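**Q** Enclosed is the structure file start-v4.csv (CSV, C-alpha atoms).
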```
chain,number,residue,atom,x,y,z
A,1,MET,CA,-15.7,-2.3,-21.6
A,2,PHE,CA,-14.4,1.0,-22.9
A,3,ASP,CA,-17.5,2.5,-24.4
A,4,LYS,CA,-17.6,5.4,-22.0
A,5,LEU,CA,-13.8,6.0,-22.0
A,6,ASP,CA,-12.9,9.5,-23.1
A,7,TYR,CA,-9.2,9.1,-23.8
A,8,ALA,CA,-8.2,12.8,-23.8
A,9,GLY,CA,-10.4,13.5,-20.8
A,10,TYR,CA,-9.0,10.6,-18.9
A,11,LEU,CA,-5.4,11.6,-19.6
A,12,GLU,CA,-6.2,15.1,-18.5
A,13,GLN,CA,-7.5,13.7,-15.2
A,14,TYR,CA,-4.7,11.2,-14.8
A,15,PRO,CA,-1.6,12.7,-16.6
A,16,PHE,CA,0.6,9.6,-16.2
A,17,HIS,CA,2.1,10.3,-19.6
A,18,GLU,CA,4.2,13.0,-18.0
A,19,GLY,CA,6.2,10.4,-16.1
A,20,LEU,CA,6.8,8.6,-19.3
A,21,GLY,CA,8.1,11.7,-21.1
A,22,ILE,CA,5.4,11.7,-23.7
A,23,ASP,CA,4.7,15.0,-25.4
A,24,LEU,CA,1.1,15.0,-26.4
A,25,GLU,CA,1.7,17.7,-29.0
A,26,THR,CA,4.1,15.5,-30.9
A,27,TYR,CA,2.1,12.4,-30.2
A,28,GLU,CA,-0.9,14.0,-32.0
A,29,LYS,CA,-3.8,12.0,-30.5
A,30,ALA,CA,-4.2,10.1,-27.3
A,31,ASP,CA,-6.1,7.3,-29.1
A,32,ARG,CA,-3.6,7.0,-31.9
A,33,LYS,CA,-2.1,3.5,-32.5
A,34,ASP,CA,1.6,3.6,-33.4
A,35,ARG,CA,2.4,1.1,-36.2
A,36,ASN,CA,5.7,-0.8,-36.4
A,37,ASN,CA,7.3,-2.2,-39.5
A,38,LEU,CA,6.7,-5.7,-40.7
A,39,PHE,CA,9.5,-7.5,-38.8
A,40,SER,CA,10.0,-5.1,-35.9
A,41,THR,CA,8.3,-7.3,-33.3
A,42,VAL,CA,10.2,-10.4,-34.4
A,43,ASP,CA,13.7,-9.0,-34.7
A,44,PRO,CA,16.0,-10.8,-32.1
A,45,LYS,CA,18.6,-8.1,-32.5
A,46,ASN,CA,16.2,-5.3,-31.5
A,47,LYS,CA,17.4,-3.4,-28.4
A,48,THR,CA,15.2,-0.4,-28.7
A,49,PRO,CA,11.9,-0.2,-26.8
A,50,PHE,CA,8.9,0.2,-29.0
A,51,ALA,CA,7.2,3.6,-29.0
A,52,ALA,CA,4.4,4.0,-26.6
A,53,ASP,CA,0.9,3.1,-27.8
A,54,LEU,CA,-0.8,5.7,-25.6
A,55,ASP,CA,-4.2,4.3,-26.2
A,56,ASP,CA,-3.1,0.9,-24.8
A,57,LEU,CA,-1.6,2.5,-21.8
A,58,ILE,CA,-4.7,4.6,-21.1
A,59,ARG,CA,-6.8,1.5,-21.2
A,60,LEU,CA,-4.5,-0.3,-18.8
A,61,HIS,CA,-4.6,2.6,-16.4
A,62,PHE,CA,-8.4,2.8,-16.7
A,63,LEU,CA,-8.9,-0.9,-16.0
A,64,ALA,CA,-6.7,-0.7,-12.9
A,65,THR,CA,-8.5,2.3,-11.5
A,66,SER,CA,-12.1,1.6,-12.5
A,67,ARG,CA,-11.9,-2.0,-11.2
A,68,LYS,CA,-10.2,-0.8,-8.0
A,69,VAL,CA,-7.4,-3.4,-8.6
A,70,THR,CA,-5.2,-4.2,-5.6
A,71,THR,CA,-2.7,-6.7,-7.0
A,72,ILE,CA,-1.2,-7.0,-10.5
A,73,LEU,CA,0.8,-9.8,-12.0
A,74,GLU,CA,2.6,-8.4,-15.0
A,75,PHE,CA,4.6,-10.6,-17.5
A,76,GLY,CA,7.1,-8.2,-19.1
A,77,VAL,CA,8.4,-4.9,-17.8
A,78,GLY,CA,8.1,-1.7,-19.8
A,79,LYS,CA,6.0,1.4,-20.0
A,80,SER,CA,3.1,-0.6,-18.7
A,81,THR,CA,5.0,-1.1,-15.5
A,82,VAL,CA,5.2,2.7,-15.0
A,83,VAL,CA,1.5,3.0,-15.8
A,84,PHE,CA,0.5,0.3,-13.3
A,85,ASN,CA,2.6,2.0,-10.6
A,86,ASP,CA,0.7,5.3,-11.1
A,87,ALA,CA,-2.7,3.5,-11.1
A,88,LEU,CA,-1.9,1.6,-7.9
A,89,LYS,CA,-0.8,4.8,-6.2
A,90,ILE,CA,-4.2,6.3,-7.0
A,91,ASN,CA,-6.0,3.2,-5.8
A,92,GLU,CA,-4.1,3.2,-2.6
A,93,GLN,CA,-5.0,6.9,-2.0
A,94,ARG,CA,-8.7,6.2,-2.6
A,95,HIS,CA,-9.2,2.7,-1.2
A,96,LYS,CA,-6.4,1.9,1.3
A,97,ASP,CA,-8.6,2.2,4.4
A,98,TYR,CA,-11.3,-0.1,3.1
A,99,VAL,CA,-9.0,-2.7,1.6
A,100,LEU,CA,-6.9,-3.0,4.7
A,101,GLU,CA,-9.9,-3.2,7.1
A,102,ASN,CA,-12.3,-5.3,5.0
A,103,LEU,CA,-10.5,-7.3,2.3
A,104,ARG,CA,-8.1,-10.2,2.6
A,105,ARG,CA,-5.4,-8.9,0.3
A,106,SER,CA,-1.9,-9.8,1.3
A,107,ASN,CA,-0.2,-7.8,-1.5
A,108,PRO,CA,-2.3,-4.6,-1.5
A,109,PHE,CA,-1.4,-2.0,-4.1
A,110,GLU,CA,1.5,-4.0,-5.5
A,111,CYS,CA,2.5,-5.0,-9.0
A,112,LEU,CA,4.7,-8.0,-9.4
A,113,SER,CA,6.5,-7.6,-12.7
A,114,VAL,CA,8.2,-10.8,-14.1
A,115,ASP,CA,10.8,-10.7,-16.8
A,116,ASN,CA,13.7,-12.9,-18.1
A,117,ASN,CA,15.6,-9.9,-19.4
A,118,ARG,CA,17.9,-8.3,-16.8
A,119,GLU,CA,18.8,-5.5,-19.3
A,120,TRP,CA,15.2,-4.4,-19.7
A,121,MET,CA,14.7,-4.5,-16.0
A,122,HIS,CA,17.9,-2.4,-15.4
A,123,ARG,CA,16.8,0.0,-18.1
A,124,LEU,CA,13.4,0.4,-16.4
A,125,GLN,CA,15.1,1.3,-13.1
A,126,THR,CA,17.5,3.7,-14.8
A,127,ASP,CA,14.9,5.5,-16.8
A,128,TYR,CA,12.1,5.8,-14.2
A,129,GLY,CA,13.8,5.4,-10.8
A,130,ASP,CA,12.2,3.9,-7.8
A,131,LEU,CA,8.6,2.8,-8.6
A,132,GLU,CA,7.2,2.3,-5.1
A,133,HIS,CA,4.4,0.0,-6.1
A,134,ILE,CA,6.5,-2.3,-8.3
A,135,ASN,CA,8.3,-5.4,-7.3
A,136,LEU,CA,10.6,-6.6,-10.1
A,137,HIS,CA,11.0,-10.4,-10.3
A,138,TYR,CA,13.6,-12.0,-12.5
A,139,SER,CA,13.2,-15.5,-13.8
A,140,GLU,CA,14.5,-17.6,-16.6
A,141,CYS,CA,12.0,-18.8,-19.2
A,142,LYS,CA,12.1,-22.2,-20.7
A,143,LEU,CA,10.3,-24.2,-23.4
A,144,SER,CA,8.2,-27.1,-22.1
A,145,THR,CA,4.8,-28.6,-22.6
A,146,PHE,CA,1.3,-28.4,-21.2
A,147,ASN,CA,-0.7,-31.5,-21.9
A,148,SER,CA,1.9,-32.4,-24.6
A,149,ARG,CA,1.4,-29.0,-26.2
A,150,VAL,CA,4.6,-26.9,-26.6
A,151,CYS,CA,4.6,-23.6,-24.7
A,152,THR,CA,6.9,-21.5,-22.4
A,153,PHE,CA,7.1,-21.3,-18.7
A,154,TYR,CA,8.9,-19.0,-16.3
A,155,THR,CA,10.9,-21.1,-13.9
A,156,ASP,CA,10.1,-19.0,-10.8
A,157,LEU,CA,7.0,-16.9,-10.3
A,158,PRO,CA,5.9,-14.6,-7.5
A,159,ASN,CA,3.6,-16.4,-5.0
A,160,VAL,CA,0.7,-14.0,-5.2
A,161,CYS,CA,-3.0,-13.9,-6.0
A,162,PRO,CA,-3.6,-11.1,-8.5
A,163,ASP,CA,-6.9,-9.6,-9.5
A,164,LEU,CA,-5.3,-8.3,-12.8
A,165,ILE,CA,-2.9,-10.2,-15.0
A,166,TYR,CA,-1.1,-8.5,-17.9
A,167,LEU,CA,0.5,-10.8,-20.4
A,168,ASP,CA,3.1,-9.1,-22.6
A,169,ALA,CA,6.1,-11.5,-22.3
A,170,PRO,CA,8.3,-13.4,-22.9
A,171,ASP,CA,9.5,-12.5,-26.3
A,172,GLN,CA,9.9,-15.5,-28.5
A,173,PHE,CA,13.7,-15.3,-28.9
A,174,SER,CA,14.9,-15.3,-25.3
A,175,VAL,CA,13.2,-18.6,-24.3
A,176,VAL,CA,15.7,-21.4,-23.4
A,177,GLY,CA,15.5,-24.9,-24.9
A,178,ASP,CA,13.4,-26.7,-27.4
A,179,VAL,CA,11.0,-29.7,-27.5
A,180,ARG,CA,11.9,-32.2,-30.2
A,181,GLY,CA,13.5,-29.5,-32.2
A,182,ILE,CA,10.5,-27.1,-31.9
A,183,SER,CA,11.1,-23.7,-30.3
A,184,THR,CA,9.7,-20.2,-30.5
A,185,ARG,CA,13.0,-18.8,-31.8
A,186,HIS,CA,11.9,-18.3,-35.4
A,187,PRO,CA,10.4,-15.1,-36.9
A,188,ASP,CA,7.4,-17.1,-38.2
A,189,ARG,CA,6.7,-18.6,-34.7
A,190,MET,CA,4.9,-16.6,-32.0
A,191,PRO,CA,4.9,-16.3,-28.2
A,192,MET,CA,3.1,-19.2,-26.5
A,193,ALA,CA,3.2,-18.6,-22.7
A,194,GLY,CA,1.5,-21.3,-20.6
A,195,ASP,CA,2.1,-20.0,-17.0
A,196,ILE,CA,-1.4,-18.9,-16.3
A,197,LEU,CA,-2.7,-22.4,-17.0
A,198,THR,CA,-0.7,-23.8,-14.1
A,199,PHE,CA,-2.3,-21.6,-11.4
A,200,GLU,CA,-5.7,-21.0,-13.0
A,201,HIS,CA,-7.5,-22.7,-10.1
A,202,PHE,CA,-6.0,-20.5,-7.5
A,203,LEU,CA,-7.5,-17.4,-9.2
A,204,THR,CA,-10.6,-15.8,-7.7
A,205,PRO,CA,-13.8,-14.8,-9.5
A,206,GLY,CA,-13.5,-11.3,-10.9
A,207,THR,CA,-9.9,-11.8,-12.0
A,208,LEU,CA,-9.1,-10.1,-15.4
A,209,ILE,CA,-6.4,-11.2,-17.8
A,210,VAL,CA,-5.3,-8.7,-20.4
A,211,ILE,CA,-3.2,-10.0,-23.3
A,212,ASP,CA,-1.4,-7.5,-25.5
A,213,GLY,CA,-1.5,-8.8,-29.1
A,214,ARG,CA,-0.4,-12.4,-29.0
A,215,THR,CA,-3.6,-13.7,-30.5
A,216,ALA,CA,-2.2,-17.2,-31.0
A,217,ASN,CA,-1.2,-17.3,-27.3
A,218,ALA,CA,-4.7,-16.0,-26.3
A,219,ARG,CA,-6.4,-18.7,-28.3
A,220,PHE,CA,-4.0,-21.3,-26.7
A,221,LEU,CA,-5.0,-20.1,-23.2
A,222,GLN,CA,-8.7,-20.0,-24.1
A,223,ALA,CA,-8.5,-23.5,-25.5
A,224,ASN,CA,-6.9,-24.9,-22.3
A,225,LEU,CA,-8.4,-22.9,-19.5
A,226,GLN,CA,-11.0,-24.9,-17.6
A,227,ARG,CA,-13.1,-22.4,-15.7
A,228,ASN,CA,-15.8,-20.0,-16.8
A,229,TRP,CA,-13.8,-17.2,-18.6
A,230,ARG,CA,-15.6,-14.6,-20.7
A,231,HIS,CA,-13.3,-13.8,-23.7
A,232,THR,CA,-13.4,-10.6,-25.5
A,233,HIS,CA,-11.1,-9.9,-28.5
A,234,SER,CA,-10.8,-6.4,-29.7
A,235,VAL,CA,-9.3,-6.5,-33.2
A,236,GLU,CA,-9.2,-2.7,-33.2
A,237,TYR,CA,-7.1,-2.5,-30.0
A,238,ASP,CA,-5.2,-5.8,-30.8
A,239,GLN,CA,-5.9,-7.0,-27.3
A,240,HIS,CA,-7.7,-9.9,-25.6
A,241,TYR,CA,-9.6,-9.8,-22.3
A,242,LEU,CA,-10.4,-12.8,-20.2
A,243,GLU,CA,-12.6,-12.3,-17.2
A,244,LEU,CA,-13.3,-15.0,-14.6
A,245,ARG,CA,-17.1,-15.0,-14.4
A,246,GLU,CA,-18.0,-17.2,-11.5
A,247,LYS,CA,-19.9,-16.9,-8.2
A,248,PRO,CA,-17.7,-15.8,-5.4
A,249,LEU,CA,-15.8,-18.5,-3.5
A,250,GLY,CA,-16.9,-17.2,-0.1
A,251,PRO,CA,-17.4,-14.1,2.1
A,252,HIS,CA,-13.9,-12.7,1.5
A,253,ASN,CA,-14.1,-12.9,-2.3
A,254,LEU,CA,-17.7,-11.7,-2.2
A,255,ARG,CA,-16.7,-8.5,-0.3
A,256,GLN,CA,-13.9,-7.9,-2.8
A,257,VAL,CA,-16.2,-8.4,-5.8
A,258,GLU,CA,-18.9,-6.1,-4.4
A,259,TYR,CA,-16.5,-3.4,-3.5
A,260,CYS,CA,-14.2,-3.5,-6.6
A,261,LEU,CA,-16.6,-4.5,-9.3
A,262,GLY,CA,-20.0,-3.7,-7.9
A,263,LYS,CA,-23.2,-5.7,-7.2
A,264,GLU,CA,-24.2,-5.3,-10.8
A,265,TRP,CA,-21.3,-7.5,-11.8
A,266,LEU,CA,-22.8,-10.2,-9.5
A,267,ASP,CA,-26.3,-9.7,-10.9
A,268,ASN,CA,-25.0,-10.3,-14.5
A,269,LEU,CA,-23.4,-13.7,-13.8
```
Go ahead and express the file in the form of structure tokens.

**A**
Amino acid sequence: MFDKLDYAGYLEQYPFHEGLGIDLETYEKADRKDRNNLFSTVDPKNKTPFAADLDDLIRLHFLATSRKVTTILEFGVGKSTVVFNDALKINEQRHKDYVLENLRRSNPFECLSVDNNREWMHRLQTDYGDLEHINLHYSECKLSTFNSRVCTFYTDLPNVCPDLIYLDAPDQFSVVGDVRGISTRHPDRMPMAGDILTFEHFLTPGTLIVIDGRTANARFLQANLQRNWRHTHSVEYDQHYLELREKPLGPHNLRQVEYCLGKEWLDNL
């Protein structure tokens, strides 16, 4: 998926890092992975955003532009939100005329970002101002079950049909409730979001899910999704990719797949 991606060259062409205040000279390398300490990701008292993993952000930007993504559903606001805003701005400049005239996309060049933390959402707006392609969506997140399996659900989701889903929330400590004493609020537990399972059958062929870390959650989704998803796990990147590999649903979906992903994508089904 990223074999031909030249990180430094891509960032030179699309310098979105400038909007994030990232100094490449101090960052050292564009493909460097920043490492946190042992318990940093499971500290409920942490109020400091993690340092940017620039390689992750470059890949997200690349996926959005190379796949000509029109609508993004993002779980968890942060630096990725700023990156998606920049990528959608580029896509709108390049593809607006064709999309508006030929594709049935009701939320063109829009990223719907869901979060259950008002503080993080406010900080995003304070730090980065008005992000014209971002629609922030607050929702509580509660513990429940899917087919008797414990997982989390946001109580209110945007009613959209995305072609890219980015799963990086909720954190495990902000979820409300428990099921028979079980919750995610323990440092040895892990996030277990089930939202995508509930609207899987509304998604169109060609949809891509990107899961940042969260391997247990990725395996949970893979075990419960029912359609033909192609799963790729990059241990090196600590990311999972699930792509809906099915024949188009009809002429509208076919035009979108041909334009955004290419006829080669269809030939390889």

**Q** To one decimal in Å, tell me the separation between atom CA of A:Ser113 and atom CA of A:Leu266.

**A**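 According to the coordinates, atom CA of A:Ser113 and atom CA of A:Leu266 are separated by 29.6 Å.
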
**Q** Can you list, as a list of chain:residue names, every protein, DNA or RNA residue that comes within 8 Å of stretch 183-197 of chain A when you count all atoms listed in the file, leaving out same-chain residues fewer than 5 positions away?

**A**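 Counting only the stated atoms, we get A:Phe39, A:Val42, A:Asp43, A:Leu143, A:Phe146, A:Val150, A:Cys151, A:Thr152, A:Phe153, A:Tyr154, A:Ala169, A:Pro170, A:Asp171, A:Gln172, A:Phe173, A:Ser174, A:Val175, A:Gly177, A:Asp178, A:Arg214, A:Ala216, A:Asn217, A:Phe220, A:Leu221, A:Asn224, A:Leu225.
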
**Q** Write a file of the just-selected residues containing C-alpha atoms, as a tab-separated table (two decimals), in the frame of the given file.

**A**
```tsv
chain	number	residue	atom	x	y	z
A	39	PHE	CA	9.50	-7.50	-38.80
A	42	VAL	CA	10.20	-10.40	-34.40
A	43	ASP	CA	13.70	-9.00	-34.70
A	143	LEU	CA	10.30	-24.20	-23.40
A	146	PHE	CA	1.30	-28.40	-21.20
A	150	VAL	CA	4.60	-26.90	-26.60
A	151	CYS	CA	4.60	-23.60	-24.70
A	152	THR	CA	6.90	-21.50	-22.40
A	153	PHE	CA	7.10	-21.30	-18.70
A	154	TYR	CA	8.90	-19.00	-16.30
A	169	ALA	CA	6.10	-11.50	-22.30
A	170	PRO	CA	8.30	-13.40	-22.90
A	171	ASP	CA	9.50	-12.50	-26.30
A	172	GLN	CA	9.90	-15.50	-28.50
A	173	PHE	CA	13.70	-15.30	-28.90
A	174	SER	CA	14.90	-15.30	-25.30
A	175	VAL	CA	13.20	-18.60	-24.30
A	177	GLY	CA	15.50	-24.90	-24.90
A	178	ASP	CA	13.40	-26.70	-27.40
A	214	ARG	CA	-0.40	-12.40	-29.00
A	216	ALA	CA	-2.20	-17.20	-31.00
A	217	ASN	CA	-1.20	-17.30	-27.30
A	220	PHE	CA	-4.00	-21.30	-26.70
A	221	LEU	CA	-5.00	-20.10	-23.20
A	224	ASN	CA	-6.90	-24.90	-22.30
A	225	LEU	CA	-8.40	-22.90	-19.50
```

**Q** If you count only C-alpha atoms, which residues fall within 10 Å of A:Leu249, apart from same-chain ones fewer than 3 positions away, as a PyMOL selection string?

**A** chain A and resi 204-205+246+252-254

**Q** Of the residues A:Phe84, A:Tyr27, A:Tyr128, A:Trp265, which is the one nearest to A:Phe109, using all atoms listed in the file?

**A**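 Counting all atoms listed in the file, the residue closest to A:Phe109 is A:Phe84.
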
**Q** Work out how far atom CA of A:His231 is from atom CA of A:Asn268, in Å to one decimal.

**A** 15.3 Å

**Q** Just want the 9 Å neighbourhood of A:Arg227, counted on only C-alpha atoms, with same-chain residues fewer than 2 positions away dropped. Output as a PDB file with C-alpha atoms, in the coordinates of the input.

**A**
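The result, stored in result_38.pdb:
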```pdb
ATOM      1  CA  GLU A 200      -5.700 -21.000 -13.000  1.00  0.00           C
ATOM      2  CA  HIS A 201      -7.500 -22.700 -10.100  1.00  0.00           C
ATOM      3  CA  LEU A 225      -8.400 -22.900 -19.500  1.00  0.00           C
ATOM      4  CA  TRP A 229     -13.800 -17.200 -18.600  1.00  0.00           C
ATOM      5  CA  LEU A 244     -13.300 -15.000 -14.600  1.00  0.00           C
ATOM      6  CA  ARG A 245     -17.100 -15.000 -14.400  1.00  0.00           C
ATOM      7  CA  GLU A 246     -18.000 -17.200 -11.500  1.00  0.00           C
TER       8      GLU A 246
END
```

**Q** Identify, on the basis of all atoms listed in the file, every residue whose closest approach to A:Leu261 does not exceed 8 Å; exclude the query and any residue fewer than 6 positions from it along the same chain; express the result as a list in words.

**A**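 Once the adjacent positions are removed, what remains is Arg67, Lys68 and Gly206 of chain A.
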
**Q** Could you dump the residues just selected with C-alpha atoms as a PDB file, in the coordinates of the input?

**A**
```pdb
ATOM      1  CA  ARG A  67     -11.900  -2.000 -11.200  1.00  0.00           C
ATOM      2  CA  LYS A  68     -10.200  -0.800  -8.000  1.00  0.00           C
ATOM      3  CA  GLY A 206     -13.500 -11.300 -10.900  1.00  0.00           C
TER       4      GLY A 206
END
```

**Q** For A:Gly21, which residue among A:Lys79, A:His133, A:Arg180, A:Arg59 is the nearest when counting all atoms listed in the file?

**A**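 Closest candidate: A:Lys79.
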
**Q** Hey, could you make a per-residue contact list for stretch 202-263 of chain A against stretch 157-163 of chain A with 7 Å as the cut-off, showing the nearest pair of atoms and its distance in Å to one decimal, counting all atoms listed in the file, sorted by chain and number, as JSON lines?

**A**
```
{"residue": "A:Leu203", "atom": "CA", "partner": "A:Cys161", "partner_atom": "CA", "distance": 6.5}
{"residue": "A:Gly206", "atom": "CA", "partner": "A:Asp163", "partner_atom": "CA", "distance": 7.0}
{"residue": "A:Thr207", "atom": "CA", "partner": "A:Asp163", "partner_atom": "CA", "distance": 4.5}
{"residue": "A:Leu208", "atom": "CA", "partner": "A:Asp163", "partner_atom": "CA", "distance": 6.3}
```

**Q** As a list of chain:residue names, please: the residues near A:Met121 (cut-off 10 Å, all atoms listed in the file, same-chain neighbours under 3 positions excluded).

**A**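 The contact residues come out as A:Gly76, A:Val77, A:Gly78, A:Ser113, A:Val114, A:Asp115, A:Asn116, A:Asn117, A:Arg118, A:Leu124, A:Gln125, A:Thr126, A:Leu136, A:His137, A:Tyr138.
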
**Q** So that I have them on file, write out the residues from the current selection with C-alpha atoms, as a compact mmCIF listing (two decimals), in the frame of the given file.

**A**
```
# COMPACT_ATOMS: atom_id res chain seq x y z
CA GLY A 76 7.10 -8.20 -19.10
CA VAL A 77 8.40 -4.90 -17.80
CA GLY A 78 8.10 -1.70 -19.80
CA SER A 113 6.50 -7.60 -12.70
CA VAL A 114 8.20 -10.80 -14.10
CA ASP A 115 10.80 -10.70 -16.80
CA ASN A 116 13.70 -12.90 -18.10
CA ASN A 117 15.60 -9.90 -19.40
CA ARG A 118 17.90 -8.30 -16.80
CA LEU A 124 13.40 0.40 -16.40
CA GLN A 125 15.10 1.30 -13.10
CA THR A 126 17.50 3.70 -14.80
CA LEU A 136 10.60 -6.60 -10.10
CA HIS A 137 11.00 -10.40 -10.30
CA TYR A 138 13.60 -12.00 -12.50
```

**Q** Could you jot down the atom CA of A:Lys247 to atom CA of A:Leu269 separation for me, Å, one decimal place?

**A**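 Spanning atom CA of A:Lys247 to atom CA of A:Leu269 is a straight-line distance of 7.3 Å.
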
**Q** Between A:Ile211, A:Leu11, A:Ile165, A:Val82, which has the minimum distance to A:Thr70 (counting only C-alpha atoms)?

**A**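 Among the listed residues, A:Ile165 lies closest to A:Thr70.
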
**Q** Looking at only C-alpha atoms, which of A:Leu112, A:His240, A:Leu131, A:Arg230 is the one that sits closest to A:Gly213?

**A**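 Looking at the shortest contact to A:Gly213, the residue is A:His240.
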
**Q** Counting all atoms listed in the file, which residue out of A:Tyr166, A:Arg255, A:Met1, A:His122 sits closest to A:Leu57?

**A**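 Of A:Tyr166, A:Arg255, A:Met1, A:His122, the one nearest A:Leu57, counting all atoms listed in the file, is A:Tyr166.
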
**Q** Would you fill out stretch 192-212 of chain A with N, CA and C atoms and return it as a PDB file, in the frame of the given file?

**A**
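Once written, result-v4.pdb looks like this:
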```pdb
ATOM      1  N   MET A 192       4.093 -18.178 -26.875  1.00  0.00           N
ATOM      2  CA  MET A 192       3.100 -19.200 -26.500  1.00  0.00           C
ATOM      3  C   MET A 192       3.282 -19.457 -24.969  1.00  0.00           C
ATOM      4  N   ALA A 193       2.960 -18.476 -24.139  1.00  0.00           N
ATOM      5  CA  ALA A 193       3.200 -18.600 -22.700  1.00  0.00           C
ATOM      6  C   ALA A 193       2.046 -19.452 -22.070  1.00  0.00           C
ATOM      7  N   GLY A 194       2.442 -20.383 -21.208  1.00  0.00           N
ATOM      8  CA  GLY A 194       1.500 -21.300 -20.600  1.00  0.00           C
ATOM      9  C   GLY A 194       1.363 -21.088 -19.069  1.00  0.00           C
ATOM     10  N   ASP A 195       2.055 -20.093 -18.507  1.00  0.00           N
ATOM     11  CA  ASP A 195       2.100 -20.000 -17.000  1.00  0.00           C
ATOM     12  C   ASP A 195       0.770 -19.886 -16.370  1.00  0.00           C
ATOM     13  N   ILE A 196      -0.133 -19.110 -16.935  1.00  0.00           N
ATOM     14  CA  ILE A 196      -1.400 -18.900 -16.300  1.00  0.00           C
ATOM     15  C   ILE A 196      -2.205 -20.183 -16.139  1.00  0.00           C
ATOM     16  N   LEU A 197      -2.007 -21.103 -17.062  1.00  0.00           N
ATOM     17  CA  LEU A 197      -2.700 -22.400 -17.000  1.00  0.00           C
ATOM     18  C   LEU A 197      -2.375 -23.157 -15.734  1.00  0.00           C
ATOM     19  N   THR A 198      -1.157 -23.006 -15.252  1.00  0.00           N
ATOM     20  CA  THR A 198      -0.700 -23.800 -14.100  1.00  0.00           C
ATOM     21  C   THR A 198      -1.268 -23.349 -12.780  1.00  0.00           C
ATOM     22  N   PHE A 199      -1.685 -22.069 -12.707  1.00  0.00           N
ATOM     23  CA  PHE A 199      -2.300 -21.600 -11.400  1.00  0.00           C
ATOM     24  C   PHE A 199      -3.680 -21.073 -11.606  1.00  0.00           C
ATOM     25  N   GLU A 200      -4.334 -21.465 -12.689  1.00  0.00           N
ATOM     26  CA  GLU A 200      -5.700 -21.000 -13.000  1.00  0.00           C
ATOM     27  C   GLU A 200      -6.634 -21.233 -11.776  1.00  0.00           C
ATOM     28  N   HIS A 201      -6.548 -22.393 -11.155  1.00  0.00           N
ATOM     29  CA  HIS A 201      -7.500 -22.700 -10.100  1.00  0.00           C
ATOM     30  C   HIS A 201      -7.267 -22.048  -8.791  1.00  0.00           C
ATOM     31  N   PHE A 202      -6.188 -21.286  -8.705  1.00  0.00           N
ATOM     32  CA  PHE A 202      -6.000 -20.500  -7.500  1.00  0.00           C
ATOM     33  C   PHE A 202      -6.551 -19.056  -7.698  1.00  0.00           C
ATOM     34  N   LEU A 203      -6.946 -18.702  -8.906  1.00  0.00           N
ATOM     35  CA  LEU A 203      -7.500 -17.400  -9.200  1.00  0.00           C
ATOM     36  C   LEU A 203      -8.897 -17.220  -8.672  1.00  0.00           C
ATOM     37  N   THR A 204      -9.231 -16.025  -8.223  1.00  0.00           N
ATOM     38  CA  THR A 204     -10.600 -15.800  -7.700  1.00  0.00           C
ATOM     39  C   THR A 204     -11.488 -15.165  -8.695  1.00  0.00           C
ATOM     40  N   PRO A 205     -12.794 -15.446  -8.594  1.00  0.00           N
ATOM     41  CA  PRO A 205     -13.800 -14.800  -9.500  1.00  0.00           C
ATOM     42  C   PRO A 205     -13.609 -13.306  -9.534  1.00  0.00           C
ATOM     43  N   GLY A 206     -13.701 -12.769 -10.736  1.00  0.00           N
ATOM     44  CA  GLY A 206     -13.500 -11.300 -10.900  1.00  0.00           C
ATOM     45  C   GLY A 206     -12.116 -11.027 -11.494  1.00  0.00           C
ATOM     46  N   THR A 207     -11.194 -11.999 -11.488  1.00  0.00           N
ATOM     47  CA  THR A 207      -9.900 -11.800 -12.000  1.00  0.00           C
ATOM     48  C   THR A 207      -9.947 -11.468 -13.519  1.00  0.00           C
ATOM     49  N   LEU A 208      -9.153 -10.507 -13.955  1.00  0.00           N
ATOM     50  CA  LEU A 208      -9.100 -10.100 -15.400  1.00  0.00           C
ATOM     51  C   LEU A 208      -7.726 -10.355 -15.930  1.00  0.00           C
ATOM     52  N   ILE A 209      -7.673 -11.017 -17.084  1.00  0.00           N
ATOM     53  CA  ILE A 209      -6.400 -11.200 -17.800  1.00  0.00           C
ATOM     54  C   ILE A 209      -6.468 -10.319 -19.055  1.00  0.00           C
ATOM     55  N   VAL A 210      -5.425  -9.519 -19.247  1.00  0.00           N
ATOM     56  CA  VAL A 210      -5.300  -8.700 -20.400  1.00  0.00           C
ATOM     57  C   VAL A 210      -4.077  -9.187 -21.210  1.00  0.00           C
ATOM     58  N   ILE A 211      -4.291  -9.500 -22.481  1.00  0.00           N
ATOM     59  CA  ILE A 211      -3.200 -10.000 -23.300  1.00  0.00           C
ATOM     60  C   ILE A 211      -2.979  -9.021 -24.442  1.00  0.00           C
ATOM     61  N   ASP A 212      -1.756  -8.526 -24.521  1.00  0.00           N
ATOM     62  CA  ASP A 212      -1.400  -7.500 -25.500  1.00  0.00           C
ATOM     63  C   ASP A 212      -0.985  -8.158 -26.799  1.00  0.00           C
TER      64      ASP A 212
END
```
